[in-house]
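**Q** The structure that follows is given in the form of structure tokens.
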Amino acid sequence: MTTLAPVDLPPTSASDNQDTGREPSRTGLDPRNVRRGVLEHVRFSRGKNPETATAHDRFMALALAVRDRLADRWVRTARSYYEQDVKRAYYLSAEYLLGRALGNNLINIGMYDAAEQAMREMGVDLSTLVEMEPDAGLGNGGLGRLAACFLDSLATLGYPGMGYGIRYEFGIFTQDIVDGYQVERADEWLKFGNPWEIVRPEKAVPVRFFGRVEHHQGADGRPVARWVGGKTVIGVPFDTPIAGYGNNTVNTLRLWQARASEEFDLLLFNAGDYERSVVEKNDSEVISKVLYPNDAFQAGKELRLKQQYFFVACSIADIVRRYLKTHTDFRDFPNKAAIQLNDTHPAIAVAELMRVLVDEKRLQWDEAFAITQATFGYTNHTLLAEAMEKWPASLFERLLPRHLEIIYEINHRFLRQVQIRYPFDNDRMRRMSLVEEGPEKKIRMAHLAVVGSHSVNGVAELHSNLLKRDVLPDFAEMFPERFNNKTNGVTPRRWLAWSNPRLSKLITSRIGGGWATDLDQLQKLAPLAEDAEFRKAFAEVKRQNKQDLARYLCDTCQVNLDPNAIFDVQIKRLHEYKRQLLNALHIVSLWMKARRDPSTIIAPRVFLFGAKAAPGYHEAKLIIRLINGIAEVVNSDAGTTGLQVLFVPNYRVSLAERIIPATDVSEQISTAGMEASGTGNMKFMMNGALTLGTLDGANVEIRQAVGDENFFLFGLTVDEVLARKRAGYKPREEYERNVELREALDLIASGFFSPEDKNLYKPLVDGLLNEDRYLLLADFGAYAARQQDVARAYKDQEKWTRMAIHNVAQAGIFSSDRTIKQYAEEIWRVKQTPIT
Ligand SMILES: *Cc1c(COP(=O)(O)O)cnc(C)c1O
């Protein structure tokens with residue numbers, strides 16, 4: 001066996017720690033050394049012989065061998081940033097929807113082929129090991145997945161970036177479907193251990209909750225506020241390496257876990273109250289227990305605010321500690337740290353940094369506030385009123401008394417500015433205040449984030465414009481220079497190179513492999529749309545991907561899908577504004593027509609759904625039940641209609657990776673003005689699916705990029721939606737007007753899809769006929785017509801393939817590399833720092 005040098009011994013020269021260095025079984029990227037590394041981990045980390053090792057032991061051993069190869073670059077990256085004292089971008093996010101790491105890490109550090117060969121030589125199939133890894137599901141949907149894509153791009157572009165968040169013990173719930181209903185199960189993702197993370201107890205941070213504020217005069221004559229009493233919780237950081245693609249950068253995702261404070265426990269313990277000390281321990285540790293499963297909705301639970309402050313306080317303390325290692329005052333702070341707030345979930349950071357600077361570091365208020373503003377940027381992710389975070393001032397006062405004072409002081413000074421700028425406009429002051437007055441005083445977190453930041457951005461052109469026009473118009477008028485757009489993107493490493501190896505290989509064979517880090521190069525594919533041979537190969541890739549998916553769904557869902565049918569897919573969180581119900585209504589109407597006359601079906605079609613509903617969102621859960629009810633009926637006579645419907649349970653990142661490469665039609669059908677950007681739409685485009693969509697979010701820019709002739713557009717525009725609502729929208733008129741719509745709704749209302757309870761879907765049908773907040777009925781006709789166009793277009797396979805190729809060719813701007821470059825250059829002012 002190799003003798004291992006002490007791990008903390010710094011290498012003496014750069015060449016010393018190259019892959020050919022002194023620990024080849026830990027750093028070597030060739031199959032022989034990978035194999036040695038895995039075997040060593042089987043023996044020394046798992047304590048097993050190769051013969052007794054289980055598949056899980058082998059997965060852990062391979063993952064640890066991969067982590068070894070990251071560790072060396074990780075140390076070099078950290079040292080390089082420290083020695084050059086670079087400005088860093090800190091991404092604060094309550095969610096990271098990472099998915100699996102093994103395959104992505106293998107791709108990014110260029111050892112996929114070596115790992116596959118090494119495992120093959122050991123008689124192990126790499127893909128079965130990949131499947132052993134649970135998804136890291138520390139997020140709900142798009143917002144959390146965006147954070148994960150951003151980490152990948154930061155590392156790949158060589159930016160000094162770091163993510164901060166919460167190490168939830170339970171991520172987004174596992175979804176089972178029982179009798180057509182969603183049933184939630186706890187996501188025990190850590191049950192078998194997490195090979196990627198490293199705990200750093202020496203960097204733990206104490207966090208105070210509750211207590212009171214004492215005010216007195218300081219020795220310097222200035223007022224002093226001291227937050228005392230209450231209780232302390234400890235934040236323990238767990239670090240996960242984030243490897244760049246094809247470079248030596250390995251950045252860090254630091255997630256905080258809550259631990260009970262020993263001192264506090266000891267007090268009770270010594271007082272003889274052992275039992276209570278154990279119970280209190282639970283109280284503290286529950287903070288990082290579980291991810292709140294709401295997407296685009298604020299439930300307003302006290303524990304949620306505790307989670308937010310917990311990870312923010314730990315992260316700010318960590319950032320300040322790091323800064324003070326190399327600085328003695330705070331003048332340079334904004335030149336060394338940019339902090340981005342992913343939605344308002346971490347917005348309390350504005351008050352926390354002020355508390356640290358003013359109370360703990362004794363800076364003057366004005367100087368502290370200038371530093372704070374120069375440090376923070378805020379990204380808004382939604383236009384929905386029900387998602388806007390507001391916390392009762394009474395809750396703040398109890399949980400974070402000093403922060404409430406600081407927020408009031410920020411507000412006081414801010415409103416004075418407003419008053420000077422717009423005298424005698426009390427209504428404007430009321431609208432802009434950080435405090436919402438009413439029966440219950442509430443703190444508006446978005447206003448706090450805007451006032452405390454130098455940059456406010458939306459996540460697609462349309463969304464950023466609506467943000468200025470409809471959501472924060474007073475702020476956009478007063479601080480126009482603060483508002484900007486950063487259209488979302490997705491990482492092509494996970495969403496093309498990793499998830500679609502066939503298409504990746506085909507693309508690379510024609511234009512080379514540079515696209516993986518320069519996605520605009522995909523444009524070189526555009527002329528190949530006229531190359532019959534390329535079209536054939538491209539269509540063959542899609543056919544094989546569809547066959548793979550059909551096989552997988554046969555094994556896991558016991559359905560036989562027709563791989564020659566159009567694969568029409570809507571996968572995303574279940575929300576009424578995303579209008580899965582519109583899709584379902586259309587399927588019912590299509591099926592009714594097909595039953596009467598099968599020749600009305602232009603092309604056979606498979607409708608796939610995947611979606612988790614928030615556990616307390618009754619309408620959303622009922623829509624899942626309806627889709628399953630429809631699937632049961634439609635699939636029973638698929639032979640005559642050519643229609644199939646499947647709700648795939650437990651939609652998550654690893655499932656998206658299987659479904660998207662096999663998709664023909666990407667359903668992006670939200671009510672215009674409701675989807676901030678969407679990122680699923682971009683993943684589909686990148687994989688050669690055609691979008692059927694409304695003019696909402698980034699669909700607008702996708703259509704612009706690919707051209708109207710390669711996009712299936714339908715539906716009301718934002719302004720038409722507003723106009724219809726203003727004019728007094730009457731959904732019943734749509735129902736009366738459109739026979740197909742009426743028949744479909746009547747069939748659902750009759751209980752046809754729920755024989756055991758005829759009235760099951762009454763709330764859904766009544767909701768549509770009486771209010772139809774998301775204008776499904778108004779858009780139904782246009783949607784159905786466009787679906788006809790889709791089917792007709794699919795009949796001309798050569799034309800379809802041309803359109804699909806153009807979608808891939810124009811996907812370059814939707815790389816998260818483009819997005820991150822814009823954040824880095826226009827907001828953060830951080831510089832690429834290659835690791836040698
Ligand atoms: C990309 C992604 C999303 C976001 O999908 P949208 O269609 O943009 O809402 C949600 N969940 C998972 C698992 C994803 O990969």
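Naming works like this for the structure tokens: A, B, ... for the chains as they're shown, residue 1 at the start of each chain, ligands 1 onward in shown order.
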I need the helix (DSSP H, G or I) residues of stretch 388-498 of chain A per DSSP on the backbone, written as a PyMOL selection string.
**A** chain A and resi 393-399+401-421+426-432+445-451+461-471+473-478+480-482+492-498
**Q** Kindly save the residues from that selection, with C-alpha atoms included, as a short mmCIF file (atom, residue, chain, number, x, y, z; two decimals), in the first residue's frame.
**A**
data_model
loop_
_atom_site.label_atom_id
_atom_site.label_comp_id
_atom_site.auth_asym_id
_atom_site.auth_seq_id
_atom_site.Cartn_x
_atom_site.Cartn_y
_atom_site.Cartn_z
CA ALA A 393 -43.40 43.12 13.25
CA SER A 394 -44.52 41.39 16.47
CA LEU A 395 -42.72 38.20 15.42
CA PHE A 396 -39.60 40.20 14.58
CA GLU A 397 -39.75 41.98 17.91
CA ARG A 398 -39.79 38.70 19.80
CA LEU A 399 -37.31 36.73 17.68
CA PRO A 401 -35.54 42.56 18.60
CA ARG A 402 -32.39 44.40 17.54
CA HIS A 403 -33.06 43.75 13.86
CA LEU A 404 -36.51 45.28 14.16
CA GLU A 405 -34.93 48.42 15.63
CA ILE A 406 -32.41 48.52 12.80
CA ILE A 407 -35.13 48.05 10.18
CA TYR A 408 -37.11 50.92 11.75
CA GLU A 409 -34.02 53.12 11.67
CA ILE A 410 -33.30 52.25 8.00
CA ASN A 411 -36.95 52.98 7.24
CA HIS A 412 -36.94 56.28 9.12
CA ARG A 413 -33.92 57.57 7.20
CA PHE A 414 -35.22 56.17 3.90
CA LEU A 415 -38.67 57.75 4.24
CA ARG A 416 -37.05 61.07 5.02
CA GLN A 417 -35.26 60.81 1.66
CA VAL A 418 -38.57 60.01 -0.03
CA GLN A 419 -40.17 62.98 1.67
CA ILE A 420 -37.46 65.37 0.52
CA ARG A 421 -37.63 64.02 -3.02
CA ASN A 426 -47.97 60.73 1.94
CA ASP A 427 -49.49 58.05 -0.22
CA ARG A 428 -46.12 57.40 -1.83
CA MET A 429 -44.46 57.20 1.60
CA ARG A 430 -47.05 54.68 2.71
CA ARG A 431 -46.50 52.60 -0.44
CA MET A 432 -42.72 52.65 -0.17
CA MET A 445 -38.77 42.05 2.95
CA ALA A 446 -38.59 43.05 -0.71
CA HIS A 447 -38.50 46.74 0.26
CA LEU A 448 -35.74 46.02 2.78
CA ALA A 449 -33.77 44.21 0.05
CA VAL A 450 -34.23 47.04 -2.47
CA VAL A 451 -33.30 49.79 -0.03
CA GLU A 461 -36.41 40.76 -19.83
CA LEU A 462 -40.18 40.66 -19.48
CA HIS A 463 -40.03 39.99 -15.75
CA SER A 464 -37.54 42.81 -15.12
CA ASN A 465 -39.78 45.22 -17.03
CA LEU A 466 -42.89 44.15 -15.11
CA LEU A 467 -40.95 44.47 -11.89
CA LYS A 468 -40.32 48.12 -12.69
CA ARG A 469 -43.78 48.77 -14.10
CA ASP A 470 -46.11 46.86 -11.77
CA VAL A 471 -44.37 45.55 -8.64
CA PRO A 473 -42.78 51.27 -9.63
CA ASP A 474 -42.04 53.83 -6.90
CA PHE A 475 -38.60 52.34 -6.31
CA ALA A 476 -37.85 52.13 -10.05
CA GLU A 477 -38.76 55.82 -10.34
CA MET A 478 -36.62 56.88 -7.39
CA PRO A 480 -33.72 53.85 -11.84
CA GLU A 481 -29.98 53.07 -11.94
CA ARG A 482 -30.46 50.27 -9.41
CA PRO A 492 -24.75 22.97 -20.32
CA ARG A 493 -22.50 20.56 -18.43
CA ARG A 494 -25.37 18.95 -16.52
CA TRP A 495 -28.18 19.69 -18.97
CA LEU A 496 -26.43 18.62 -22.16
CA ALA A 497 -22.98 17.05 -21.70
CA TRP A 498 -24.03 14.82 -18.81
#
**Q** What residues have any atom no more than 10 Å from ligand 1 when counting only C-alpha atoms and all ligand atoms, and can you list them as a PyMOL selection string?
**A** chain A and resi 97-99+135+137+139-146+148-149+295+488-490+495+570-575+578+610-612+650-657+660+666-670+675-684+697-698
**Q** So how far away is atom CA of A:Trp800 from atom CA of A:Gly512, in Å?
**A**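 The value is 24.5 Å.
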**Q** So which bits of stretch 94-324 of chain A end up strand (DSSP E) when you DSSP the backbone, as a compact mmCIF listing (two decimals) with N, CA and C atoms, in the first residue's frame?
**A**
# COMPACT_ATOMS: atom_id res chain seq x y z
N TYR A 96 -30.75 25.02 -2.62
CA TYR A 96 -29.84 24.53 -3.66
C TYR A 96 -30.37 23.18 -4.13
N LEU A 97 -30.92 23.16 -5.32
CA LEU A 97 -31.47 21.92 -5.85
C LEU A 97 -30.39 21.26 -6.71
N LEU A 98 -29.49 20.55 -6.04
CA LEU A 98 -28.25 20.11 -6.70
C LEU A 98 -28.44 18.84 -7.52
N GLY A 99 -29.29 17.95 -7.07
CA GLY A 99 -29.39 16.65 -7.73
C GLY A 99 -28.17 15.80 -7.37
N ALA A 136 -29.57 15.36 -4.08
CA ALA A 136 -29.55 16.39 -3.04
C ALA A 136 -30.67 17.36 -3.41
N GLY A 137 -31.80 17.24 -2.73
CA GLY A 137 -32.99 18.01 -3.11
C GLY A 137 -33.26 19.15 -2.15
N LEU A 138 -32.25 20.00 -1.95
CA LEU A 138 -32.37 21.08 -0.97
C LEU A 138 -33.03 22.31 -1.58
N GLY A 161 -16.14 32.42 -6.21
CA GLY A 161 -17.53 32.46 -5.77
C GLY A 161 -17.77 31.40 -4.72
N MET A 162 -18.72 31.69 -3.85
CA MET A 162 -19.03 30.75 -2.78
C MET A 162 -20.52 30.78 -2.52
N GLY A 163 -21.11 29.61 -2.34
CA GLY A 163 -22.53 29.55 -1.99
C GLY A 163 -22.70 29.33 -0.50
N TYR A 164 -23.72 29.98 0.07
CA TYR A 164 -24.08 29.75 1.48
C TYR A 164 -25.55 29.35 1.55
N GLY A 165 -25.83 28.37 2.41
CA GLY A 165 -27.22 27.95 2.56
C GLY A 165 -27.42 27.10 3.80
N ILE A 166 -28.46 26.30 3.78
CA ILE A 166 -28.82 25.48 4.94
C ILE A 166 -28.65 24.00 4.60
N THR A 174 -40.27 13.19 -0.81
CA THR A 174 -40.42 12.19 -1.87
C THR A 174 -41.91 12.05 -2.14
N GLN A 175 -42.27 12.03 -3.42
CA GLN A 175 -43.68 11.96 -3.79
C GLN A 175 -44.03 10.53 -4.23
N ASP A 176 -44.99 9.94 -3.53
CA ASP A 176 -45.58 8.69 -4.01
C ASP A 176 -46.95 9.03 -4.58
N ILE A 177 -47.40 8.23 -5.52
CA ILE A 177 -48.78 8.36 -6.00
C ILE A 177 -49.54 7.12 -5.54
N VAL A 178 -50.55 7.34 -4.71
CA VAL A 178 -51.36 6.23 -4.18
C VAL A 178 -52.81 6.47 -4.56
N TYR A 181 -53.51 9.85 -5.89
CA TYR A 181 -53.23 11.00 -5.03
C TYR A 181 -51.75 11.12 -4.70
N GLN A 182 -51.28 12.34 -4.54
CA GLN A 182 -49.93 12.57 -4.03
C GLN A 182 -49.87 12.23 -2.55
N VAL A 183 -48.86 11.43 -2.19
CA VAL A 183 -48.59 11.17 -0.78
C VAL A 183 -47.13 11.55 -0.53
N GLU A 184 -46.87 12.33 0.52
CA GLU A 184 -45.51 12.80 0.78
C GLU A 184 -44.80 11.88 1.78
N ARG A 185 -43.54 11.64 1.51
CA ARG A 185 -42.67 10.90 2.43
C ARG A 185 -41.44 11.74 2.70
N ILE A 198 -17.65 17.91 3.84
CA ILE A 198 -16.68 17.85 4.94
C ILE A 198 -17.14 18.82 6.01
N VAL A 199 -17.30 18.31 7.23
CA VAL A 199 -17.77 19.17 8.32
C VAL A 199 -16.58 19.94 8.89
N VAL A 205 -20.36 28.87 14.29
CA VAL A 205 -20.75 30.26 14.60
C VAL A 205 -21.93 30.25 15.56
N PRO A 206 -21.86 31.03 16.65
CA PRO A 206 -23.03 31.14 17.52
C PRO A 206 -24.04 32.15 16.97
N VAL A 207 -25.31 31.82 17.07
CA VAL A 207 -26.38 32.70 16.59
C VAL A 207 -27.39 32.91 17.70
N ARG A 208 -27.71 34.18 17.97
CA ARG A 208 -28.65 34.50 19.06
C ARG A 208 -30.08 34.63 18.51
N PHE A 209 -31.02 34.18 19.31
CA PHE A 209 -32.44 34.42 19.03
C PHE A 209 -33.09 34.96 20.31
N ARG A 212 -33.30 40.63 24.48
CA ARG A 212 -33.73 42.03 24.52
C ARG A 212 -32.54 42.94 24.15
N VAL A 213 -32.85 44.20 23.94
CA VAL A 213 -31.82 45.15 23.56
C VAL A 213 -31.60 46.14 24.70
N GLU A 214 -30.36 46.33 25.09
CA GLU A 214 -30.02 47.34 26.10
C GLU A 214 -29.37 48.54 25.39
N HIS A 215 -29.85 49.72 25.75
CA HIS A 215 -29.30 50.93 25.15
C HIS A 215 -28.57 51.74 26.22
N HIS A 216 -27.39 52.16 25.95
CA HIS A 216 -26.71 53.08 26.88
C HIS A 216 -25.69 53.91 26.11
N GLN A 217 -25.02 54.76 26.85
CA GLN A 217 -24.05 55.67 26.27
C GLN A 217 -22.67 54.99 26.29
N PRO A 223 -24.25 56.43 21.33
CA PRO A 223 -25.16 55.42 21.88
C PRO A 223 -24.69 54.00 21.51
N VAL A 224 -24.90 53.10 22.43
CA VAL A 224 -24.52 51.71 22.21
C VAL A 224 -25.76 50.85 22.39
N ALA A 225 -25.98 49.94 21.45
CA ALA A 225 -27.07 48.97 21.60
C ALA A 225 -26.45 47.60 21.82
N ARG A 226 -26.94 46.92 22.85
CA ARG A 226 -26.43 45.57 23.11
C ARG A 226 -27.59 44.58 23.10
N TRP A 227 -27.49 43.59 22.24
CA TRP A 227 -28.51 42.54 22.17
C TRP A 227 -28.08 41.45 23.14
N VAL A 228 -28.86 41.23 24.17
CA VAL A 228 -28.46 40.29 25.23
C VAL A 228 -29.59 39.30 25.52
N LYS A 231 -31.53 32.99 23.52
CA LYS A 231 -30.82 31.73 23.49
C LYS A 231 -29.92 31.66 22.27
N THR A 232 -28.91 30.83 22.40
CA THR A 232 -27.91 30.73 21.35
C THR A 232 -27.98 29.37 20.67
N VAL A 233 -27.89 29.40 19.37
CA VAL A 233 -27.83 28.17 18.56
C VAL A 233 -26.50 28.21 17.84
N ILE A 234 -25.90 27.04 17.64
CA ILE A 234 -24.62 26.99 16.94
C ILE A 234 -24.84 26.57 15.49
N GLY A 235 -24.21 27.30 14.57
CA GLY A 235 -24.22 26.90 13.17
C GLY A 235 -22.92 26.19 12.83
N VAL A 236 -23.04 24.96 12.36
CA VAL A 236 -21.85 24.17 12.00
C VAL A 236 -21.79 24.07 10.48
N PRO A 237 -20.66 24.52 9.88
CA PRO A 237 -20.59 24.48 8.42
C PRO A 237 -20.20 23.10 7.87
N PHE A 238 -20.88 22.72 6.82
CA PHE A 238 -20.52 21.53 6.03
C PHE A 238 -20.17 22.02 4.63
N ASP A 239 -18.96 21.69 4.17
CA ASP A 239 -18.50 22.18 2.87
C ASP A 239 -18.60 21.12 1.79
N THR A 240 -19.10 21.52 0.64
CA THR A 240 -19.17 20.64 -0.52
C THR A 240 -18.34 21.26 -1.64
N PRO A 241 -17.43 20.48 -2.24
CA PRO A 241 -16.63 21.02 -3.33
C PRO A 241 -17.45 21.19 -4.60
N ILE A 242 -17.25 22.31 -5.28
CA ILE A 242 -17.93 22.59 -6.55
C ILE A 242 -16.85 22.72 -7.63
N ALA A 243 -16.73 21.70 -8.45
CA ALA A 243 -15.65 21.65 -9.44
C ALA A 243 -16.04 22.34 -10.73
N VAL A 250 -11.91 24.66 -7.84
CA VAL A 250 -12.91 23.96 -7.02
C VAL A 250 -13.37 24.94 -5.94
N ASN A 251 -14.57 25.48 -6.13
CA ASN A 251 -15.14 26.43 -5.17
C ASN A 251 -15.90 25.68 -4.07
N THR A 252 -16.49 26.43 -3.15
CA THR A 252 -17.14 25.81 -1.98
C THR A 252 -18.60 26.20 -1.87
N LEU A 253 -19.42 25.21 -1.59
CA LEU A 253 -20.78 25.45 -1.13
C LEU A 253 -20.78 25.16 0.37
N ARG A 254 -21.04 26.17 1.18
CA ARG A 254 -21.00 26.01 2.65
C ARG A 254 -22.42 26.02 3.19
N LEU A 255 -22.87 24.88 3.71
CA LEU A 255 -24.23 24.75 4.25
C LEU A 255 -24.16 24.62 5.76
N TRP A 256 -25.04 25.35 6.44
CA TRP A 256 -25.01 25.40 7.91
C TRP A 256 -26.03 24.45 8.52
N GLN A 257 -25.56 23.71 9.51
CA GLN A 257 -26.45 22.84 10.28
C GLN A 257 -26.58 23.40 11.69
N ALA A 258 -27.79 23.36 12.23
CA ALA A 258 -28.01 23.89 13.59
C ALA A 258 -27.67 22.84 14.64
N ARG A 259 -26.90 23.27 15.63
CA ARG A 259 -26.58 22.43 16.78
C ARG A 259 -26.92 23.20 18.05
N ALA A 260 -27.32 22.47 19.09
CA ALA A 260 -27.59 23.13 20.36
C ALA A 260 -26.28 23.68 20.92
**Q** Choose the residue, out of A:Tyr617, A:Phe44, A:Phe607, A:Phe173, that has the smallest atom-to-atom separation from A:Met60; count only C-alpha atoms.
**A**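 Comparing A:Tyr617, A:Phe44, A:Phe607, A:Phe173 against A:Met60, the winner is A:Phe44.
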**Q** So that I can check the surroundings of stretch 342-355 of chain A, please list as a VMD selection string every protein, DNA and RNA residue that reaches within 8 Å of it, counting only C-alpha atoms and ignoring chain neighbours fewer than 2 positions away.
**A** chain A and resid 91 to 94 143 147 308 to 309 312 to 313 316 340 357 to 360 365 368 to 369 372 376 378 to 381 389 402 to 403 406 to 407 445 to 446 448 to 449 452
**Q** Residues at most 7 Å from A:Tyr245, counting only C-alpha atoms, excluding those fewer than 3 positions away in the same chain, as a CSV table (one decimal) with C-alpha atoms, in the first residue's frame?
**A**
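The file below, result27.csv, is the result:
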chain,number,residue,atom,x,y,z
A,108,ASN,CA,-16.2,18.3,-14.9
A,109,ILE,CA,-12.8,16.9,-13.9
A,156,THR,CA,-16.2,26.8,-14.6
**Q** Skip stretch 299-304 of chain A itself and residues of its chain fewer than 2 positions away, then list as a PyMOL selection string all residues within 8 Å of it, counting only C-alpha atoms.
**A** chain A and resi 287+292+294+297+306-308+389-391+395
